[in-house]
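Below is the file entry-v9.pdb, which contains PDB, C-alpha atoms.
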```pdb
MODEL        1
ATOM      1  CA  MET A 737      92.730 111.386  91.036  1.00  0.00           C
ATOM      2  CA  ASN A 738      90.576 113.275  88.571  1.00  0.00           C
ATOM      3  CA  ARG A 739      88.819 111.609  85.700  1.00  0.00           C
ATOM      4  CA  ASN A 740      91.223 112.782  83.005  1.00  0.00           C
ATOM      5  CA  ALA A 741      94.295 111.459  84.818  1.00  0.00           C
ATOM      6  CA  ALA A 742      92.553 108.167  85.613  1.00  0.00           C
ATOM      7  CA  GLY A 743      91.548 107.824  81.975  1.00  0.00           C
ATOM      8  CA  ARG A 744      95.101 108.378  80.748  1.00  0.00           C
ATOM      9  CA  THR A 745      96.499 105.923  83.283  1.00  0.00           C
ATOM     10  CA  SER A 746      94.010 103.205  82.354  1.00  0.00           C
ATOM     11  CA  VAL A 747      94.753 103.669  78.649  1.00  0.00           C
ATOM     12  CA  VAL A 748      98.480 103.259  79.336  1.00  0.00           C
ATOM     13  CA  ALA A 749      97.773 100.062  81.294  1.00  0.00           C
ATOM     14  CA  ALA A 750      95.532  98.647  78.556  1.00  0.00           C
ATOM     15  CA  ILE A 751      98.120  99.354  75.848  1.00  0.00           C
ATOM     16  CA  MET A 752     100.909  97.766  77.881  1.00  0.00           C
ATOM     17  CA  VAL A 753      98.856  94.646  78.569  1.00  0.00           C
ATOM     18  CA  GLY A 754      97.780  94.286  74.940  1.00  0.00           C
ATOM     19  CA  VAL A 755     101.277  94.747  73.547  1.00  0.00           C
ATOM     20  CA  GLY A 756     102.711  92.477  76.238  1.00  0.00           C
ATOM     21  CA  ALA A 757     100.221  89.715  75.482  1.00  0.00           C
ATOM     22  CA  LEU A 758     100.999  89.837  71.760  1.00  0.00           C
ATOM     23  CA  ALA A 759     104.746  89.896  72.419  1.00  0.00           C
ATOM     24  CA  SER A 760     104.491  86.988  74.851  1.00  0.00           C
ATOM     25  CA  GLY A 761     102.513  84.921  72.375  1.00  0.00           C
ATOM     26  CA  PHE A 762     104.938  85.679  69.546  1.00  0.00           C
ATOM     27  CA  ILE A 763     108.027  84.869  71.642  1.00  0.00           C
ATOM     28  CA  ASN A 764     106.359  81.680  72.831  1.00  0.00           C
ATOM     29  CA  PHE A 765     105.750  80.743  69.195  1.00  0.00           C
ATOM     30  CA  LEU A 766     109.424  81.361  68.412  1.00  0.00           C
ATOM     31  CA  PHE A 767     110.393  79.126  71.327  1.00  0.00           C
ATOM     32  CA  LEU A 768     108.127  76.462  69.884  1.00  0.00           C
ATOM     33  CA  LEU A 769     109.797  76.739  66.466  1.00  0.00           C
ATOM     34  CA  ALA A 770     113.217  76.530  68.100  1.00  0.00           C
ATOM     35  CA  GLY A 771     112.260  73.239  69.709  1.00  0.00           C
ATOM     36  CA  VAL A 772     112.241  74.410  73.334  1.00  0.00           C
ATOM     37  CA  GLU A 773     110.538  71.909  75.599  1.00  0.00           C
ATOM     38  CA  SER A 774     107.111  72.736  77.008  1.00  0.00           C
ATOM     39  CA  LEU A 775     108.101  72.787  80.680  1.00  0.00           C
ATOM     40  CA  PRO A 776     110.914  75.387  80.558  1.00  0.00           C
ATOM     41  CA  ARG A 777     109.050  77.335  77.889  1.00  0.00           C
ATOM     42  CA  LEU A 778     105.918  77.659  80.002  1.00  0.00           C
ATOM     43  CA  LEU A 779     107.923  78.464  83.120  1.00  0.00           C
ATOM     44  CA  ILE A 780     109.629  81.357  81.389  1.00  0.00           C
ATOM     45  CA  LEU A 781     106.753  82.806  79.387  1.00  0.00           C
ATOM     46  CA  GLN A 782     103.099  81.946  78.917  1.00  0.00           C
ATOM     47  CA  ASP A 783     100.762  82.678  76.031  1.00  0.00           C
ATOM     48  CA  PRO A 784      97.676  84.403  77.476  1.00  0.00           C
ATOM     49  CA  ILE A 785      95.790  84.835  74.196  1.00  0.00           C
ATOM     50  CA  GLY A 786      96.795  81.791  72.154  1.00  0.00           C
ATOM     51  CA  PHE A 787      98.921  83.465  69.487  1.00  0.00           C
ATOM     52  CA  ALA A 788      97.505  82.285  66.158  1.00  0.00           C
ATOM     53  CA  LEU A 789      99.154  84.527  63.550  1.00  0.00           C
ATOM     54  CA  ARG A 790     101.100  81.714  61.937  1.00  0.00           C
ATOM     55  CA  PRO A 791     100.832  79.661  58.720  1.00  0.00           C
ATOM     56  CA  ARG A 792      98.173  76.985  58.291  1.00  0.00           C
ATOM     57  CA  VAL A 793      96.156  77.921  61.342  1.00  0.00           C
ATOM     58  CA  GLN A 794      92.464  77.261  61.833  1.00  0.00           C
ATOM     59  CA  PRO A 795      90.175  80.307  61.528  1.00  0.00           C
ATOM     60  CA  MET A 796      88.594  79.516  64.897  1.00  0.00           C
ATOM     61  CA  ALA A 797      92.013  79.857  66.541  1.00  0.00           C
ATOM     62  CA  VAL A 798      92.379  83.361  65.111  1.00  0.00           C
ATOM     63  CA  VAL A 799      88.901  84.290  66.328  1.00  0.00           C
ATOM     64  CA  ALA A 800      89.703  82.933  69.791  1.00  0.00           C
ATOM     65  CA  MET A 801      92.923  84.960  69.910  1.00  0.00           C
ATOM     66  CA  LEU A 802      91.189  88.200  68.885  1.00  0.00           C
ATOM     67  CA  VAL A 803      88.371  87.656  71.384  1.00  0.00           C
ATOM     68  CA  ALA A 804      90.849  87.029  74.185  1.00  0.00           C
ATOM     69  CA  LEU A 805      92.903  90.099  73.244  1.00  0.00           C
ATOM     70  CA  VAL A 806      89.884  92.415  73.134  1.00  0.00           C
ATOM     71  CA  ILE A 807      88.560  91.119  76.461  1.00  0.00           C
ATOM     72  CA  LEU A 808      91.965  91.355  78.106  1.00  0.00           C
ATOM     73  CA  VAL A 809      92.562  94.928  76.981  1.00  0.00           C
ATOM     74  CA  GLY A 810      89.004  96.081  77.694  1.00  0.00           C
ATOM     75  CA  LEU A 811      88.788  94.597  81.180  1.00  0.00           C
ATOM     76  CA  THR A 812      92.234  95.904  82.088  1.00  0.00           C
ATOM     77  CA  TRP A 813      91.193  99.403  81.049  1.00  0.00           C
ATOM     78  CA  LEU A 814      87.975  99.163  83.064  1.00  0.00           C
ATOM     79  CA  PHE A 815      89.494  97.665  86.213  1.00  0.00           C
ATOM     80  CA  VAL A 816      92.499 100.000  86.305  1.00  0.00           C
ATOM     81  CA  ARG A 817      90.288 103.040  85.747  1.00  0.00           C
ATOM     82  CA  MET A 818      88.118 102.049  88.708  1.00  0.00           C
ATOM     83  CA  ILE A 819      91.156 101.397  90.912  1.00  0.00           C
ATOM     84  CA  VAL A 820      92.938 104.641  90.091  1.00  0.00           C
ATOM     85  CA  ARG A 821      89.825 106.789  90.491  1.00  0.00           C
ATOM     86  CA  SER A 822      89.058 105.295  93.903  1.00  0.00           C
ATOM     87  CA  ALA A 823      92.641 105.465  95.224  1.00  0.00           C
ATOM     88  CA  LEU A 824      93.683 108.360  97.425  1.00  0.00           C
ATOM     89  CA  PRO A 825      96.470 110.660  96.210  1.00  0.00           C
ATOM     90  CA  GLY A 826      99.886 109.303  97.027  1.00  0.00           C
ATOM     91  CA  ARG A 827      98.718 105.722  97.657  1.00  0.00           C
ATOM     92  CA  ALA A 828     101.016 104.226  95.042  1.00  0.00           C
ATOM     93  CA  ALA A 829     101.252 100.864  96.861  1.00  0.00           C
ATOM     94  CA  ALA A 830      97.487 100.381  96.748  1.00  0.00           C
ATOM     95  CA  VAL A 831      97.447 101.264  93.053  1.00  0.00           C
ATOM     96  CA  PHE A 832     100.329  98.854  92.388  1.00  0.00           C
ATOM     97  CA  PHE A 833      98.726  95.808  94.007  1.00  0.00           C
ATOM     98  CA  GLY A 834      95.278  96.728  92.706  1.00  0.00           C
ATOM     99  CA  THR A 835      96.557  96.992  89.141  1.00  0.00           C
ATOM    100  CA  TRP A 836      98.466  93.732  89.445  1.00  0.00           C
ATOM    101  CA  GLY A 837      95.331  91.975  90.643  1.00  0.00           C
ATOM    102  CA  ALA A 838      93.328  93.597  87.858  1.00  0.00           C
ATOM    103  CA  VAL A 839      95.694  92.220  85.214  1.00  0.00           C
ATOM    104  CA  ILE A 840      95.486  88.739  86.753  1.00  0.00           C
ATOM    105  CA  LEU A 841      91.690  88.842  86.846  1.00  0.00           C
ATOM    106  CA  ALA A 842      91.358  90.213  83.318  1.00  0.00           C
ATOM    107  CA  SER A 843      93.769  87.589  81.983  1.00  0.00           C
ATOM    108  CA  TRP A 844      91.869  84.783  83.692  1.00  0.00           C
ATOM    109  CA  ILE A 845      88.504  85.957  82.347  1.00  0.00           C
ATOM    110  CA  ALA A 846      89.974  86.251  78.848  1.00  0.00           C
ATOM    111  CA  GLY A 847      91.285  82.687  79.141  1.00  0.00           C
ATOM    112  CA  VAL A 848      87.936  81.348  80.362  1.00  0.00           C
ATOM    113  CA  LEU A 849      86.116  82.930  77.425  1.00  0.00           C
ATOM    114  CA  ARG A 850      88.777  81.838  74.933  1.00  0.00           C
ATOM    115  CA  ALA A 851      88.760  78.182  76.034  1.00  0.00           C
ATOM    116  CA  PRO A 852      85.385  77.172  74.486  1.00  0.00           C
ATOM    117  CA  LEU A 853      86.373  78.655  71.128  1.00  0.00           C
ATOM    118  CA  VAL A 854      89.678  76.777  71.143  1.00  0.00           C
ATOM    119  CA  LEU A 855      87.936  73.516  72.054  1.00  0.00           C
ATOM    120  CA  MET A 856      85.481  74.027  69.219  1.00  0.00           C
ATOM    121  CA  GLY A 857      88.393  74.292  66.821  1.00  0.00           C
ATOM    122  CA  LEU A 858      90.043  71.164  68.212  1.00  0.00           C
ATOM    123  CA  GLN A 859      86.803  69.215  67.726  1.00  0.00           C
ATOM    124  CA  ILE A 860      87.354  66.918  70.685  1.00  0.00           C
ATOM    125  CA  PRO A 861      84.473  64.420  71.014  1.00  0.00           C
ATOM    126  CA  ALA A 862      82.075  65.090  73.851  1.00  0.00           C
ATOM    127  CA  GLU A 863      82.607  61.567  75.142  1.00  0.00           C
ATOM    128  CA  GLN A 864      86.157  62.477  76.108  1.00  0.00           C
ATOM    129  CA  SER A 865      85.055  64.769  78.897  1.00  0.00           C
ATOM    130  CA  GLU A 866      88.254  64.316  80.882  1.00  0.00           C
ATOM    131  CA  ILE A 867      90.344  65.627  78.000  1.00  0.00           C
ATOM    132  CA  LEU A 868      87.938  68.530  77.539  1.00  0.00           C
ATOM    133  CA  MET A 869      88.167  69.537  81.199  1.00  0.00           C
ATOM    134  CA  THR A 870      91.956  69.266  81.155  1.00  0.00           C
ATOM    135  CA  GLN A 871      92.257  71.441  78.074  1.00  0.00           C
ATOM    136  CA  PHE A 872      89.767  73.957  79.473  1.00  0.00           C
ATOM    137  CA  SER A 873      91.728  74.248  82.727  1.00  0.00           C
ATOM    138  CA  GLN A 874      95.051  74.649  80.949  1.00  0.00           C
ATOM    139  CA  ILE A 875      93.759  77.366  78.636  1.00  0.00           C
ATOM    140  CA  SER A 876      92.004  79.226  81.443  1.00  0.00           C
ATOM    141  CA  LEU A 877      94.961  79.136  83.823  1.00  0.00           C
ATOM    142  CA  ALA A 878      97.484  80.153  81.153  1.00  0.00           C
ATOM    143  CA  GLY A 879      96.168  83.716  81.182  1.00  0.00           C
ATOM    144  CA  ALA A 880      96.045  83.972  84.976  1.00  0.00           C
ATOM    145  CA  THR A 881      99.578  82.623  85.252  1.00  0.00           C
ATOM    146  CA  TRP A 882     100.803  85.168  82.715  1.00  0.00           C
ATOM    147  CA  GLY A 883      99.142  87.983  84.652  1.00  0.00           C
ATOM    148  CA  LEU A 884     100.688  86.750  87.902  1.00  0.00           C
ATOM    149  CA  MET A 885     104.199  86.549  86.475  1.00  0.00           C
ATOM    150  CA  TRP A 886     104.225  89.658  84.272  1.00  0.00           C
ATOM    151  CA  GLY A 887     101.396  91.889  85.468  1.00  0.00           C
ATOM    152  CA  TRP A 888     103.681  93.633  87.945  1.00  0.00           C
ATOM    153  CA  LEU A 889     105.391  95.458  85.070  1.00  0.00           C
ATOM    154  CA  THR A 890     102.152  97.218  84.165  1.00  0.00           C
ATOM    155  CA  ALA A 891     101.415  97.768  87.850  1.00  0.00           C
ATOM    156  CA  ILE A 892     104.737  99.568  88.386  1.00  0.00           C
ATOM    157  CA  VAL A 893     104.097 101.964  85.510  1.00  0.00           C
ATOM    158  CA  VAL A 894     100.542 102.694  86.671  1.00  0.00           C
ATOM    159  CA  ALA A 895     101.721 103.299  90.250  1.00  0.00           C
ATOM    160  CA  LEU A 896     104.441 105.696  89.076  1.00  0.00           C
ATOM    161  CA  VAL A 897     102.007 107.614  86.883  1.00  0.00           C
ATOM    162  CA  HIS A 898      99.541 107.827  89.781  1.00  0.00           C
ATOM    163  CA  ARG A 899     102.227 109.064  92.146  1.00  0.00           C
ATOM    164  CA  ALA A 900     103.455 111.682  89.687  1.00  0.00           C
ATOM    165  CA  ALA A 901      99.928 112.976  89.062  1.00  0.00           C
ATOM    166  CA  ALA A 902      99.027 113.165  92.769  1.00  0.00           C
ATOM    167  CA  PRO A 903     100.774 116.513  93.608  1.00  0.00           C
ATOM    168  CA  ALA A 904      99.263 118.250  90.592  1.00  0.00           C
ATOM    169  CA  ALA A 905      95.783 117.032  91.498  1.00  0.00           C
ATOM    170  CA  SER A 906      96.102 118.009  95.183  1.00  0.00           C
ATOM    171  CA  GLU A 907      97.263 121.602  94.589  1.00  0.00           C
ATOM    172  CA  PRO A 908      94.395 124.108  94.839  1.00  0.00           C
ATOM    173  CA  ALA A 909      93.694 126.425  91.967  1.00  0.00           C
ATOM    174  CA  ALA A 910      95.376 129.826  92.134  1.00  0.00           C
ATOM    175  CA  VAL A 911      93.093 132.598  93.364  1.00  0.00           C
ATOM    176  CA  PRO A 912      93.697 136.086  91.977  1.00  0.00           C
ATOM    177  CA  PRO A 913      94.616 138.682  94.641  1.00  0.00           C
ATOM    178  CA  HIS A 914      91.579 140.813  94.001  1.00  0.00           C
ATOM    179  CA  ALA A 915      89.278 137.814  94.544  1.00  0.00           C
ATOM    180  CA  ALA A 916      90.820 136.717  97.837  1.00  0.00           C
ATOM    181  CA  TYR A 917      88.567 138.985  99.883  1.00  0.00           C
ATOM    182  CA  PRO A 918      85.034 140.137  99.195  1.00  0.00           C
ATOM    183  CA  PRO A 919      84.742 143.767  98.095  1.00  0.00           C
ATOM    184  CA  VAL A 920      83.901 146.281 100.772  1.00  0.00           C
ATOM    185  CA  GLN A 921      80.510 147.815 100.154  1.00  0.00           C
ATOM    186  CA  THR A 922      80.380 151.571 100.681  1.00  0.00           C
ATOM    187  CA  TYR A 923      77.274 153.522 101.548  1.00  0.00           C
ATOM    188  CA  PRO A 924      76.603 157.242 100.886  1.00  0.00           C
ATOM    189  CA  PRO A 925      76.776 159.462 103.973  1.00  0.00           C
ATOM    190  CA  ALA A 926      73.472 159.929 105.756  1.00  0.00           C
ATOM    191  CA  PRO A 927      72.028 163.492 105.439  1.00  0.00           C
ATOM    192  CA  THR A 928      72.437 165.553 108.611  1.00  0.00           C
ATOM    193  CA  SER A 929      69.587 167.807 109.760  1.00  0.00           C
ATOM    194  CA  SER A 930      70.692 171.430 110.273  1.00  0.00           C
ATOM    195  CA  PRO A 931      69.035 173.477 113.046  1.00  0.00           C
ATOM    196  CA  ALA A 932      66.213 175.723 111.977  1.00  0.00           C
ATOM    197  CA  PRO A 933      67.143 179.464 111.691  1.00  0.00           C
ATOM    198  CA  PRO A 934      65.787 181.713 114.478  1.00  0.00           C
ATOM    199  CA  THR A 935      62.675 183.629 113.616  1.00  0.00           C
ATOM    200  CA  ALA A 936      62.218 187.347 114.285  1.00  0.00           C
ATOM    201  CA  GLY A 937      59.767 188.028 117.128  1.00  0.00           C
TER     202      GLY A 937
ENDMDL
END
```

Same coordinates, now as structure tokens:
Amino acid sequence: MNRNAAGRTSVVAAIMVGVGALASGFINFLFLLAGVESLPRLLILQDPIGFALRPRVQPMAVVAMLVALVILVGLTWLFVRMIVRSALPGRAAAVFFGTWGAVILASWIAGVLRAPLVLMGLQIPAEQSEILMTQFSQISLAGATWGLMWGWLTAIVVALVHRAAAPAASEPAAVPPHAAYPPVQTYPPAPTSSPAPPTAG
């Protein structure tokens, strides 16, 4: 796929992942307000960025959410662009699984980088290392789990866009009829030598 098509596809993937992460976090927050238990709530929908747009929230939680969102969107755009540009035309299955894996990886990296900021806001004492490690693992794996369960939606859209753009990219450019064959070069006729006239003896 050409660079323009790959760029458009990666932008679509990044927008879908960003909007999906915000929607997941907001719905998860609504579940929390409704009193839904943690186990069914986390089985249905995870919060990959730690949605923090709510009343009486710590500023560090908002910073952690924004950092995770920017990293998630940016890495998804980068990974999907690399996958789509390297995929052969018509290989929609490879693009699908590659995009799904890219969303999982980007979500996990965003969770790993968000975890220290969240722990700083919680102010857990360093002596309680077991609690710190448990919280770090939960925050890091929340993003990867979200990408595993919901990344296929973005992957389907990217694969369909790639498949639709493949015929247009594989068609050769139209050649005008007059340029199909090289012009025939003509040469002027060579001068012919006429016999000398007889001389009178």

Write out as JSON, numbers by chain the residues lying within 10 Å of segment 841-849 of chain A, counting only C-alpha atoms and excluding same-chain residues fewer than 5 positions away. {"A": [753, 757, 783, 784, 785, 786, 800, 801, 803, 804, 805, 806, 807, 808, 809, 810, 811, 812, 813, 814, 815, 835, 836, 854, 872, 873, 874, 875, 876, 877, 878, 879, 880, 881, 882, 883, 884, 887]}

Write to file, as a JSON list (two decimals), in the coordinates of the input, the residues of the selection just made, with C-alpha atoms.
```
[["chain", "number", "residue", "atom", "x", "y", "z"],
["A", 753, "VAL", "CA", 98.86, 94.65, 78.57],
["A", 757, "ALA", "CA", 100.22, 89.72, 75.48],
["A", 783, "ASP", "CA", 100.76, 82.68, 76.03],
["A", 784, "PRO", "CA", 97.68, 84.40, 77.48],
["A", 785, "ILE", "CA", 95.79, 84.84, 74.20],
["A", 786, "GLY", "CA", 96.80, 81.79, 72.15],
["A", 800, "ALA", "CA", 89.70, 82.93, 69.79],
["A", 801, "MET", "CA", 92.92, 84.96, 69.91],
["A", 803, "VAL", "CA", 88.37, 87.66, 71.38],
["A", 804, "ALA", "CA", 90.85, 87.03, 74.18],
["A", 805, "LEU", "CA", 92.90, 90.10, 73.24],
["A", 806, "VAL", "CA", 89.88, 92.42, 73.13],
["A", 807, "ILE", "CA", 88.56, 91.12, 76.46],
["A", 808, "LEU", "CA", 91.96, 91.36, 78.11],
["A", 809, "VAL", "CA", 92.56, 94.93, 76.98],
["A", 810, "GLY", "CA", 89.00, 96.08, 77.69],
["A", 811, "LEU", "CA", 88.79, 94.60, 81.18],
["A", 812, "THR", "CA", 92.23, 95.90, 82.09],
["A", 813, "TRP", "CA", 91.19, 99.40, 81.05],
["A", 814, "LEU", "CA", 87.98, 99.16, 83.06],
["A", 815, "PHE", "CA", 89.49, 97.66, 86.21],
["A", 835, "THR", "CA", 96.56, 96.99, 89.14],
["A", 836, "TRP", "CA", 98.47, 93.73, 89.44],
["A", 854, "VAL", "CA", 89.68, 76.78, 71.14],
["A", 872, "PHE", "CA", 89.77, 73.96, 79.47],
["A", 873, "SER", "CA", 91.73, 74.25, 82.73],
["A", 874, "GLN", "CA", 95.05, 74.65, 80.95],
["A", 875, "ILE", "CA", 93.76, 77.37, 78.64],
["A", 876, "SER", "CA", 92.00, 79.23, 81.44],
["A", 877, "LEU", "CA", 94.96, 79.14, 83.82],
["A", 878, "ALA", "CA", 97.48, 80.15, 81.15],
["A", 879, "GLY", "CA", 96.17, 83.72, 81.18],
["A", 880, "ALA", "CA", 96.04, 83.97, 84.98],
["A", 881, "THR", "CA", 99.58, 82.62, 85.25],
["A", 882, "TRP", "CA", 100.80, 85.17, 82.72],
["A", 883, "GLY", "CA", 99.14, 87.98, 84.65],
["A", 884, "LEU", "CA", 100.69, 86.75, 87.90],
["A", 887, "GLY", "CA", 101.40, 91.89, 85.47]]
```

If the PyMOL selection byres ((chain A and resi 889) around 10) were run on this exact file, what residues would it hold? Put them as JSON, numbers by chain. {"A": [749, 752, 753, 756, 832, 835, 836, 883, 885, 886, 887, 888, 890, 891, 892, 893, 894]}

What residues come out when you apply the PyMOL selection byres ((chain A and resi 826) around 8) to this file, written as a list in words? Leu824, Pro825, Arg827, Ala828, His898, Arg899 and Ala902 of chain A

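Of the listed residues A:Gly837, A:Phe765, A:Pro852, A:Ala862, the one whose atoms come nearest to Pro791 of chain A is A:Phe765, with distances taken using all atoms listed in the file.
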
One decimal, in Å: what's the spacing between atom CA of Val897 of chain A and atom CA of Ala759 of chain A? 23.0 Å

Residues near Arg777 of chain A, cut-off 8 Å, only C-alpha atoms, skip fewer than 4 positions along chain, as a ChimeraX atom specification: /A:764,767,772-773,781-782

Could you list the residues chosen by the PyMOL selection byres ((chain A and resi 746-748) around 6) in this structure as a ChimeraX atom specification? /A:743-745,749-751,813,816-817

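Counting from atom CA of Met818 of chain A, the distance to atom CA of Ala742 of chain A is 8.2 Å.
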
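Taking atom CA of Phe787 of chain A as the reference point, atom CA of Gly761 of chain A is found at 4.8 Å.
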